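Asker: Dropping in protein_9.cif, with mmCIF, C-alpha atoms.
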data_run
#
loop_
_atom_site.label_atom_id
_atom_site.label_comp_id
_atom_site.auth_asym_id
_atom_site.auth_seq_id
_atom_site.Cartn_x
_atom_site.Cartn_y
_atom_site.Cartn_z
CA MET A 1 59.95 -27.83 75.17
CA THR A 2 57.71 -26.37 77.86
CA HIS A 3 54.36 -26.49 76.00
CA GLN A 4 52.73 -27.94 72.90
CA PRO A 5 54.61 -27.64 69.60
CA LEU A 6 53.90 -24.48 67.62
CA GLY A 7 54.62 -24.11 63.91
CA VAL A 8 57.22 -21.37 63.51
CA GLY A 9 57.66 -19.07 60.52
CA VAL A 10 60.35 -16.42 60.14
CA VAL A 11 60.24 -13.30 57.99
CA GLY A 12 63.66 -11.73 57.63
CA ALA A 13 66.15 -14.60 57.91
CA GLY A 14 69.03 -12.39 58.96
CA ARG A 15 71.54 -13.17 61.66
CA VAL A 16 68.92 -13.15 64.42
CA GLY A 17 65.93 -14.72 62.69
CA ALA A 18 67.62 -17.79 61.27
CA VAL A 19 69.32 -18.57 64.59
CA LEU A 20 66.17 -18.16 66.72
CA ALA A 21 64.14 -20.26 64.30
CA ALA A 22 66.80 -22.97 64.36
CA ALA A 23 66.85 -22.94 68.17
CA LEU A 24 63.07 -23.20 68.38
CA GLY A 25 63.19 -26.04 65.86
CA ALA A 26 65.73 -27.86 68.01
CA ALA A 27 63.41 -27.37 71.01
CA GLY A 28 60.61 -29.20 69.22
CA HIS A 29 58.73 -26.47 67.37
CA PRO A 30 58.60 -27.29 63.64
CA VAL A 31 59.87 -24.49 61.42
CA VAL A 32 57.35 -24.47 58.60
CA ALA A 33 58.61 -21.67 56.32
CA ALA A 34 61.07 -18.81 56.05
CA ALA A 35 61.32 -15.64 53.99
CA GLY A 36 64.60 -14.08 52.95
CA GLU A 37 65.46 -12.22 49.77
CA SER A 38 69.21 -11.67 49.92
CA ASP A 39 71.81 -14.27 49.04
CA ALA A 40 73.08 -14.11 52.62
CA SER A 41 69.61 -14.84 54.00
CA ARG A 42 69.13 -17.76 51.62
CA ALA A 43 72.52 -19.13 52.68
CA ARG A 44 71.57 -18.89 56.36
CA ILE A 45 68.28 -20.68 55.72
CA ALA A 46 70.14 -23.47 53.91
CA ALA A 47 72.72 -23.78 56.69
CA LEU A 48 70.55 -23.38 59.78
CA LEU A 49 67.13 -24.42 58.53
CA PRO A 50 67.83 -27.22 56.03
CA GLY A 51 64.72 -28.40 54.24
CA VAL A 52 62.60 -25.45 55.34
CA PRO A 53 60.80 -23.98 52.32
CA VAL A 54 61.63 -20.42 51.31
CA GLN A 55 58.41 -18.54 50.63
CA LYS A 56 56.99 -15.05 50.31
CA PRO A 57 56.33 -13.25 53.62
CA THR A 58 52.56 -13.55 53.20
CA SER A 59 52.84 -17.30 52.62
CA VAL A 60 55.10 -17.69 55.64
CA ALA A 61 52.62 -15.78 57.80
CA ARG A 62 49.68 -17.92 56.68
CA ALA A 63 51.54 -21.17 57.38
CA CYS A 64 52.62 -20.66 60.99
CA ASP A 65 51.36 -20.44 64.56
CA VAL A 66 54.25 -18.22 65.70
CA LEU A 67 55.47 -15.62 63.23
CA LEU A 68 58.94 -14.26 63.96
CA LEU A 69 59.47 -10.82 62.43
CA THR A 70 63.22 -10.26 62.45
CA VAL A 71 63.44 -7.39 59.97
CA PRO A 72 65.30 -4.10 60.58
CA ASP A 73 63.63 -1.68 63.01
CA ASP A 74 62.74 0.89 60.36
CA MET A 75 61.04 -1.73 58.18
CA LEU A 76 59.04 -3.41 60.93
CA GLY A 77 55.98 -1.16 60.91
CA ASN A 78 55.55 -1.42 57.16
CA VAL A 79 55.97 -5.23 57.17
CA VAL A 80 53.30 -5.64 59.86
CA SER A 81 50.90 -3.32 58.06
CA VAL A 82 51.32 -5.12 54.73
CA LEU A 83 50.87 -8.56 56.27
CA ALA A 84 47.76 -7.47 58.17
CA ALA A 85 46.24 -5.71 55.15
CA SER A 86 46.83 -8.75 52.93
CA GLY A 87 44.90 -11.03 55.27
CA ALA A 88 47.99 -13.13 56.01
CA LEU A 89 47.62 -12.73 59.79
CA ARG A 90 44.84 -14.39 61.73
CA GLU A 91 43.12 -14.39 65.08
CA GLY A 92 44.98 -16.28 67.80
CA GLN A 93 48.26 -16.38 65.91
CA TYR A 94 51.37 -15.18 67.78
CA VAL A 95 53.20 -12.36 66.02
CA VAL A 96 56.59 -11.81 67.65
CA HIS A 97 59.20 -9.22 66.73
CA THR A 98 62.80 -9.14 67.94
CA SER A 99 63.44 -5.38 67.86
CA GLY A 100 64.98 -3.88 70.97
CA ARG A 101 63.66 -0.41 70.31
CA HIS A 102 60.03 -1.26 69.52
CA GLY A 103 57.38 -2.54 71.87
CA LEU A 104 53.82 -3.55 71.07
CA ALA A 105 52.64 -0.34 69.39
CA VAL A 106 54.36 -1.24 66.13
CA LEU A 107 52.37 -4.51 66.07
CA GLU A 108 49.01 -2.77 66.39
CA PRO A 109 47.85 -3.76 62.86
CA ALA A 110 48.38 -7.40 63.83
CA ARG A 111 46.56 -6.99 67.14
CA GLU A 112 43.62 -5.38 65.36
CA VAL A 113 43.03 -8.55 63.32
CA GLY A 114 43.12 -10.67 66.47
CA ALA A 115 46.75 -11.78 66.56
CA ARG A 116 48.50 -12.09 69.91
CA VAL A 117 51.51 -9.78 69.88
CA VAL A 118 54.86 -10.04 71.66
CA ALA A 119 58.12 -8.06 71.64
CA MET A 120 61.03 -10.44 72.32
CA HIS A 121 64.52 -8.95 71.96
CA PRO A 122 67.64 -11.07 72.62
CA ALA A 123 70.32 -9.03 74.38
CA MET A 124 73.13 -10.61 72.40
CA THR A 125 75.27 -9.98 69.35
CA PHE A 126 74.71 -12.54 66.59
CA THR A 127 77.03 -13.95 63.93
CA GLY A 128 74.16 -15.65 62.08
CA THR A 129 75.87 -19.04 62.33
CA ALA A 130 75.52 -22.21 64.39
CA LEU A 131 77.97 -20.68 66.88
CA ASP A 132 75.12 -18.56 68.22
CA LEU A 133 73.00 -21.54 69.23
CA GLU A 134 75.11 -22.34 72.28
CA ARG A 135 75.43 -18.66 73.16
CA LEU A 136 71.66 -18.40 73.59
CA ALA A 137 71.98 -20.31 76.87
CA GLY A 138 71.43 -17.74 79.61
CA CYS A 139 70.81 -14.90 77.14
CA VAL A 140 68.41 -12.27 78.48
CA PHE A 141 65.38 -11.51 76.32
CA GLY A 142 63.68 -8.15 76.74
CA LEU A 143 59.98 -9.04 76.72
CA THR A 144 56.90 -6.89 76.37
CA ALA A 145 53.51 -8.57 76.10
CA GLY A 146 49.92 -8.37 77.28
CA THR A 147 48.58 -10.38 80.19
CA TYR A 148 47.30 -13.25 78.04
CA GLU A 149 50.53 -13.54 76.03
CA ARG A 150 52.98 -13.56 78.95
CA ALA A 151 52.97 -17.31 79.56
CA VAL A 152 53.69 -18.24 75.95
CA ALA A 153 56.32 -15.49 75.67
CA GLU A 154 58.14 -16.84 78.73
CA ALA A 155 57.81 -20.40 77.43
CA LEU A 156 59.39 -19.46 74.09
CA VAL A 157 62.30 -17.80 75.89
CA ALA A 158 62.73 -20.90 78.04
CA ASP A 159 62.75 -23.07 74.91
CA LEU A 160 65.50 -20.83 73.54
CA GLY A 161 67.53 -21.38 76.72
CA GLY A 162 67.20 -17.73 77.69
CA ARG A 163 66.02 -15.70 80.67
CA PRO A 164 63.10 -13.23 80.51
CA MET A 165 63.37 -9.55 81.45
CA TRP A 166 60.03 -7.77 81.38
CA VAL A 167 60.30 -4.28 79.89
CA PRO A 168 57.36 -1.82 80.12
CA GLU A 169 56.15 -0.54 76.75
CA GLN A 170 57.21 3.03 77.49
CA MET A 171 60.74 1.92 78.47
CA ARG A 172 61.62 -0.09 75.36
CA THR A 173 63.72 2.65 73.77
CA LEU A 174 65.63 3.31 76.99
CA TYR A 175 66.25 -0.42 77.39
CA HIS A 176 67.64 -0.58 73.86
CA ALA A 177 69.74 2.57 74.34
CA GLY A 178 71.37 0.96 77.38
CA LEU A 179 72.33 -2.09 75.35
CA ALA A 180 73.58 -0.04 72.40
CA HIS A 181 75.58 2.28 74.65
CA GLY A 182 77.18 -0.65 76.45
CA ALA A 183 77.84 -2.94 73.48
CA ASN A 184 78.07 -0.86 70.30
CA HIS A 185 79.98 2.00 71.87
CA LEU A 186 82.26 -0.49 73.60
CA VAL A 187 83.36 -1.70 70.17
CA THR A 188 84.21 1.87 69.16
CA LEU A 189 86.03 2.46 72.44
CA VAL A 190 88.11 -0.71 72.16
CA THR A 191 88.91 -0.10 68.50
CA GLU A 192 90.15 3.40 69.25
CA ALA A 193 92.24 2.13 72.17
CA MET A 194 93.87 -0.37 69.80
CA GLU A 195 94.57 2.47 67.35
CA MET A 196 96.31 4.42 70.12
CA LEU A 197 98.45 1.44 71.08
CA ALA A 198 99.31 0.73 67.45
CA ALA A 199 100.43 4.34 67.05
CA ALA A 200 102.55 3.86 70.18
CA GLY A 201 104.28 0.88 68.57
CA ALA A 202 102.36 -2.14 69.90
CA ASP A 203 102.77 -5.18 67.63
CA ASP A 204 99.57 -6.79 68.93
CA PRO A 205 97.26 -4.18 70.47
CA SER A 206 94.46 -6.69 71.08
CA ALA A 207 96.72 -8.99 73.12
CA THR A 208 97.97 -5.99 75.07
CA LEU A 209 94.44 -4.89 75.94
CA ARG A 210 92.73 -8.25 76.48
CA PRO A 211 93.76 -8.95 80.14
CA LEU A 212 93.16 -5.33 81.15
CA LEU A 213 89.77 -5.06 79.45
CA THR A 214 88.60 -8.43 80.71
CA ALA A 215 89.39 -7.45 84.30
CA ALA A 216 87.90 -3.96 83.87
CA LEU A 217 84.66 -5.34 82.41
CA ASP A 218 84.28 -7.96 85.13
CA ASN A 219 84.96 -5.40 87.84
CA ALA A 220 82.58 -2.84 86.35
CA LEU A 221 79.76 -5.38 86.05
CA ALA A 222 80.32 -6.48 89.65
CA HIS A 223 81.03 -3.15 91.35
CA GLY A 224 79.93 -0.28 89.10
CA ASP A 225 81.66 3.05 89.78
CA ALA A 226 83.71 1.51 92.58
CA ALA A 227 85.73 -0.24 89.85
CA LEU A 228 86.97 3.07 88.41
CA THR A 229 90.75 3.47 88.38
CA GLY A 230 93.16 5.63 86.42
CA PRO A 231 94.40 9.21 86.25
CA ILE A 232 91.05 11.00 86.45
CA VAL A 233 89.94 9.23 89.63
CA ARG A 234 93.40 9.79 91.11
CA GLY A 235 93.36 13.45 90.13
CA ASP A 236 96.54 13.19 88.03
CA VAL A 237 96.16 16.48 86.18
CA GLY A 238 99.55 16.27 84.50
CA THR A 239 98.83 12.81 83.11
CA VAL A 240 95.49 13.87 81.64
CA GLU A 241 97.15 16.92 80.09
CA ALA A 242 99.86 14.72 78.57
CA HIS A 243 97.25 12.31 77.20
CA LEU A 244 95.42 15.11 75.43
CA ARG A 245 98.62 16.55 73.98
CA ASP A 246 99.82 13.21 72.62
CA LEU A 247 96.42 12.31 71.20
CA VAL A 248 96.34 15.55 69.24
CA ALA A 249 99.79 14.77 67.84
CA ASN A 250 99.50 11.04 67.18
CA ALA A 251 95.88 9.84 67.19
CA PRO A 252 93.63 12.87 66.64
CA GLN A 253 90.72 10.72 65.43
CA THR A 254 90.36 9.37 68.98
CA LEU A 255 90.34 12.75 70.75
CA PRO A 256 86.56 13.42 70.64
CA SER A 257 85.61 10.15 72.31
CA TYR A 258 88.49 10.37 74.81
CA VAL A 259 87.32 13.82 75.89
CA ALA A 260 83.67 12.75 76.07
CA MET A 261 84.42 9.68 78.18
CA ALA A 262 86.88 11.58 80.36
CA ARG A 263 84.22 14.18 81.12
CA ALA A 264 81.70 11.49 82.02
CA THR A 265 84.27 9.75 84.21
CA LEU A 266 85.13 13.04 85.91
CA ASP A 267 81.47 13.71 86.69
CA ARG A 268 81.06 10.30 88.28
CA ALA A 269 84.26 10.59 90.31
CA VAL A 270 83.16 14.00 91.63
CA THR A 271 79.65 12.80 92.44
CA ASP A 272 80.85 9.90 94.60
CA GLY A 273 83.43 12.11 96.38
CA ARG A 274 86.55 10.30 95.25
CA LEU A 275 88.19 13.35 93.69
CA LEU A 276 89.33 16.52 95.46
CA PRO A 277 87.45 19.58 94.14
CA ILE A 278 90.61 21.55 93.29
CA ARG A 279 91.92 18.71 91.11
CA ALA A 280 88.49 18.18 89.58
CA VAL A 281 88.37 21.82 88.48
CA LYS A 282 91.80 21.61 86.86
CA ILE A 283 90.89 18.47 84.93
CA HIS A 284 87.55 20.01 83.97
CA ASP A 285 89.31 23.05 82.51
CA LEU A 286 91.71 20.86 80.53
CA LEU A 287 88.81 18.92 79.05
CA GLU A 288 86.89 22.10 78.25
CA ASP A 289 89.89 23.42 76.31
CA ALA A 290 90.18 20.10 74.50
CA SER A 291 86.46 20.16 73.71
CA ALA A 292 86.89 23.57 72.09
CA THR A 293 89.74 22.16 70.00
CA VAL A 294 87.58 19.22 68.94
CA ALA A 295 84.63 21.47 68.08
CA ALA A 296 86.81 23.77 65.98
CA ALA A 297 88.30 20.82 64.09
CA GLN A 298 84.85 19.33 63.47
CA ARG A 299 83.52 22.68 62.20
CA ALA A 300 86.48 23.02 59.86
CA ALA A 301 85.99 19.49 58.55
CA TRP A 302 82.26 20.08 58.05
CA THR A 303 82.92 23.33 56.22
CA ALA A 304 85.44 21.61 53.98
CA ARG A 305 83.00 18.86 53.12
CA THR A 306 80.07 21.16 52.42
CA THR A 307 82.08 23.64 50.35
CA GLY A 308 83.96 20.98 48.41
CA THR A 309 87.38 22.06 49.65
CA ALA A 310 88.23 18.82 51.47
CA GLY A 311 91.45 17.29 50.24
CA ARG A 312 92.57 20.35 48.30
#
Write the structure described by the file as structure tokens, please.

Answerer:
Amino acid sequence: MTHQPLGVGVVGAGRVGAVLAAALGAAGHPVVAAAGESDASRARIAALLPGVPVQKPTSVARACDVLLLTVPDDMLGNVVSVLAASGALREGQYVVHTSGRHGLAVLEPAREVGARVVAMHPAMTFTGTALDLERLAGCVFGLTAGTYERAVAEALVADLGGRPMWVPEQMRTLYHAGLAHGANHLVTLVTEAMEMLAAAGADDPSATLRPLLTAALDNALAHGDAALTGPIVRGDVGTVEAHLRDLVANAPQTLPSYVAMARATLDRAVTDGRLLPIRAVKIHDLLEDASATVAAAQRAAWTARTTGTAGR
């Protein structure tokens, strides 16, 4: 622990909140209370925060020096407003949320009553179990805080085993979009790739992809666009055309994302000069035709859903 112990309370003992509270407890900060209404939250509190009393959010807020608000993004503003209006927050108390999207503006009701506000988002996916505690080591936390709160914010991150990344208030949403695009969309991309391989007859699509994806991810993180390989960068028009044809026939649900990512890849390959213009134009035209096919199919599906003709 890098500073004096602070009593920690957590409102919203979901996957993130229960783990962060447990980690701070292990670092020497006593966890004084937790709030969680669902059975899953109560189970996490029992598993990760044994002996910590489960209380109402207002009681948790009154009992702690550092209040962790780990509720969903869309609920955060209302939770802060209710706690401030009820008198549960006090001057000098640290009110810390873990939302990636939000900065300090959402905590304005807390700041108005004298609380010291911090945005502290862990750039990690959580299971909500003890497995996450070791994974916090080296985790980057997107921090936004005022001048007088910076030292404590950095100290809390250090106690969690993480590394601070300071994010300006006006860039919080972009920061979060980058994480969501890289992590959440990666899951969709990998899942669709496994669906393609399964349709092609692979017994274990994940084992087939794992070495390739591991190498591709490492190379991309180290070298960016220079790591690009494959038919688009090589200008293999016939291969791209064959991909599109087979996807339509055997895995049509993956066609929209394949086309979208292929277009983005094409743009990047053209920008860095790795693709001859004549081949780029041919691939572009193929993808435009495929985009029209996707749009027509999506319109038809939407019409069927809205008119009640789907499945007839």

Asker: For a quick check of understanding, using all atoms listed in the file, which of A:Lys56, A:Leu156, A:Arg268, A:Thr125 has the smallest distance to Val96 (chain A)?

Answerer: A:Leu156

Asker: Selected by the PyMOL selection byres ((chain A and resi 24-33) around 12) in the shown coordinates: which residues, as a PyMOL selection string?

Answerer: chain A and resi 1-13+17-23+34-36+45-46+48-68+130+133-134+136+155-162

Asker: Go ahead and write the residues just picked, C-alpha atoms, as an mmCIF file, keeping the file's coordinate frame.

Answerer:
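That gives us again_33.cif:
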data_model
loop_
_atom_site.group_PDB
_atom_site.id
_atom_site.type_symbol
_atom_site.label_atom_id
_atom_site.label_comp_id
_atom_site.auth_asym_id
_atom_site.auth_seq_id
_atom_site.Cartn_x
_atom_site.Cartn_y
_atom_site.Cartn_z
ATOM 1 C CA MET A 1 59.950 -27.830 75.170
ATOM 2 C CA THR A 2 57.710 -26.370 77.860
ATOM 3 C CA HIS A 3 54.360 -26.490 76.000
ATOM 4 C CA GLN A 4 52.730 -27.940 72.900
ATOM 5 C CA PRO A 5 54.610 -27.640 69.600
ATOM 6 C CA LEU A 6 53.900 -24.480 67.620
ATOM 7 C CA GLY A 7 54.620 -24.110 63.910
ATOM 8 C CA VAL A 8 57.220 -21.370 63.510
ATOM 9 C CA GLY A 9 57.660 -19.070 60.520
ATOM 10 C CA VAL A 10 60.350 -16.420 60.140
ATOM 11 C CA VAL A 11 60.240 -13.300 57.990
ATOM 12 C CA GLY A 12 63.660 -11.730 57.630
ATOM 13 C CA ALA A 13 66.150 -14.600 57.910
ATOM 14 C CA GLY A 17 65.930 -14.720 62.690
ATOM 15 C CA ALA A 18 67.620 -17.790 61.270
ATOM 16 C CA VAL A 19 69.320 -18.570 64.590
ATOM 17 C CA LEU A 20 66.170 -18.160 66.720
ATOM 18 C CA ALA A 21 64.140 -20.260 64.300
ATOM 19 C CA ALA A 22 66.800 -22.970 64.360
ATOM 20 C CA ALA A 23 66.850 -22.940 68.170
ATOM 21 C CA ALA A 34 61.070 -18.810 56.050
ATOM 22 C CA ALA A 35 61.320 -15.640 53.990
ATOM 23 C CA GLY A 36 64.600 -14.080 52.950
ATOM 24 C CA ILE A 45 68.280 -20.680 55.720
ATOM 25 C CA ALA A 46 70.140 -23.470 53.910
ATOM 26 C CA LEU A 48 70.550 -23.380 59.780
ATOM 27 C CA LEU A 49 67.130 -24.420 58.530
ATOM 28 C CA PRO A 50 67.830 -27.220 56.030
ATOM 29 C CA GLY A 51 64.720 -28.400 54.240
ATOM 30 C CA VAL A 52 62.600 -25.450 55.340
ATOM 31 C CA PRO A 53 60.800 -23.980 52.320
ATOM 32 C CA VAL A 54 61.630 -20.420 51.310
ATOM 33 C CA GLN A 55 58.410 -18.540 50.630
ATOM 34 C CA LYS A 56 56.990 -15.050 50.310
ATOM 35 C CA PRO A 57 56.330 -13.250 53.620
ATOM 36 C CA THR A 58 52.560 -13.550 53.200
ATOM 37 C CA SER A 59 52.840 -17.300 52.620
ATOM 38 C CA VAL A 60 55.100 -17.690 55.640
ATOM 39 C CA ALA A 61 52.620 -15.780 57.800
ATOM 40 C CA ARG A 62 49.680 -17.920 56.680
ATOM 41 C CA ALA A 63 51.540 -21.170 57.380
ATOM 42 C CA CYS A 64 52.620 -20.660 60.990
ATOM 43 C CA ASP A 65 51.360 -20.440 64.560
ATOM 44 C CA VAL A 66 54.250 -18.220 65.700
ATOM 45 C CA LEU A 67 55.470 -15.620 63.230
ATOM 46 C CA LEU A 68 58.940 -14.260 63.960
ATOM 47 C CA ALA A 130 75.520 -22.210 64.390
ATOM 48 C CA LEU A 133 73.000 -21.540 69.230
ATOM 49 C CA GLU A 134 75.110 -22.340 72.280
ATOM 50 C CA LEU A 136 71.660 -18.400 73.590
ATOM 51 C CA ALA A 155 57.810 -20.400 77.430
ATOM 52 C CA LEU A 156 59.390 -19.460 74.090
ATOM 53 C CA VAL A 157 62.300 -17.800 75.890
ATOM 54 C CA ALA A 158 62.730 -20.900 78.040
ATOM 55 C CA ASP A 159 62.750 -23.070 74.910
ATOM 56 C CA LEU A 160 65.500 -20.830 73.540
ATOM 57 C CA GLY A 161 67.530 -21.380 76.720
ATOM 58 C CA GLY A 162 67.200 -17.730 77.690
#

Asker: Quick one, how far is CA of Ala215 (chain A) from CA of Ala183 (chain A)?

Answerer: 16.5 Å

Asker: If I wrap all listed atoms of region 190-196 of chain A in a box with edges along x, y and z and add 8 Å on each side, what are its centre and edge lengths in Å to one decimal, as lines of an AutoDock Vina configuration file?

Answerer:
center_x = 92.2
center_y = 1.9
center_z = 69.8
size_x = 24.2
size_y = 21.1
size_z = 20.8

Asker: Which of these, A:Val187, A:Ala145, A:Ala227, A:Val71, has the shortest distance to Arg274 (chain A) once you count all atoms listed in the file?

Answerer: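 Smallest separation from Arg274 (chain A) among the options: A:Ala227.
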
Asker: Please write as a ChimeraX atom specification the full residue list that the PyMOL selection byres ((chain A and resi 280) around 12) yields on this file.

Answerer: /A:231-237,240,262-263,265-271,273-279,281-287

Asker: Compare A:Ala264, A:Met75, A:Ala123, A:Val248 by their minimum atom-to-atom distance to Arg135 (chain A), counting all atoms listed in the file, and give me the closest one.

Answerer: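 Smallest distance to Arg135 (chain A) is found for A:Ala123.
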
Asker: So what do you get for CA of Ala115 (chain A) versus CA of Gly92 (chain A), distance-wise?

Answerer: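 Between these atoms lies a distance of 5.0 Å.
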
Asker: Between A:Ala251, A:Val113, A:Val118, A:Ala153, which residue has the minimum interatomic distance to Glu195 (chain A), considering all atoms listed in the file?

Answerer: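 The closest residue to Glu195 (chain A) is A:Ala251.
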
Asker: Could you please determine the separation between CA of Leu104 (chain A) and CA of Val80 (chain A) in Å, to one decimal place?

Answerer: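 Computing it gives 11.4 Å between the two atoms.
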
Asker: (50.4, -6.4, 69.2) in this file's frame - what residues fall within 9 Å of it? Use all atoms listed in the file and give the answer as a list in words.

Answerer: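 With a cut-off of 9 Å, the residues come to Tyr94, Val95, Val96, Gly103, Leu104, Ala105, Val106, Leu107, Glu108, Pro109, Ala110, Arg111, Glu112, Gly114, Ala115, Arg116, Val117, Val118, Ala119, Ala145 and Gly146 of chain A.
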
Asker: Hey, what comes out of the PyMOL selection byres ((chain A and resi 122) around 8) on this file? Could you write it as JSON, numbers by chain?

Answerer: {"A": [98, 100, 120, 121, 123, 124, 139, 140, 141, 142]}

Asker: Please, could you write that set of residues out with C-alpha atoms as a compact mmCIF listing (two decimals), in the coordinates of the input?

Answerer:
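What landed in part_28.txt:
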# COMPACT_ATOMS: atom_id res chain seq x y z
CA THR A 98 62.80 -9.14 67.94
CA GLY A 100 64.98 -3.88 70.97
CA MET A 120 61.03 -10.44 72.32
CA HIS A 121 64.52 -8.95 71.96
CA ALA A 123 70.32 -9.03 74.38
CA MET A 124 73.13 -10.61 72.40
CA CYS A 139 70.81 -14.90 77.14
CA VAL A 140 68.41 -12.27 78.48
CA PHE A 141 65.38 -11.51 76.32
CA GLY A 142 63.68 -8.15 76.74

Asker: Identify which of the residues A:Thr303, A:Ser291, A:Leu143, A:Gln93 lies closest to Met261 (chain A), counting only C-alpha atoms when measuring atom-to-atom distances.

Answerer: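 Under the stated criterion, the closest residue is A:Ser291.
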
Asker: Just checking: using all atoms listed in the file, which residue out of A:Gln298, A:Thr147, A:Asp74, A:Arg101 ends up closest to Gln253 (chain A)?

Answerer: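 Going through A:Gln298, A:Thr147, A:Asp74, A:Arg101 one by one, the smallest distance to Gln253 (chain A) is for A:Gln298.
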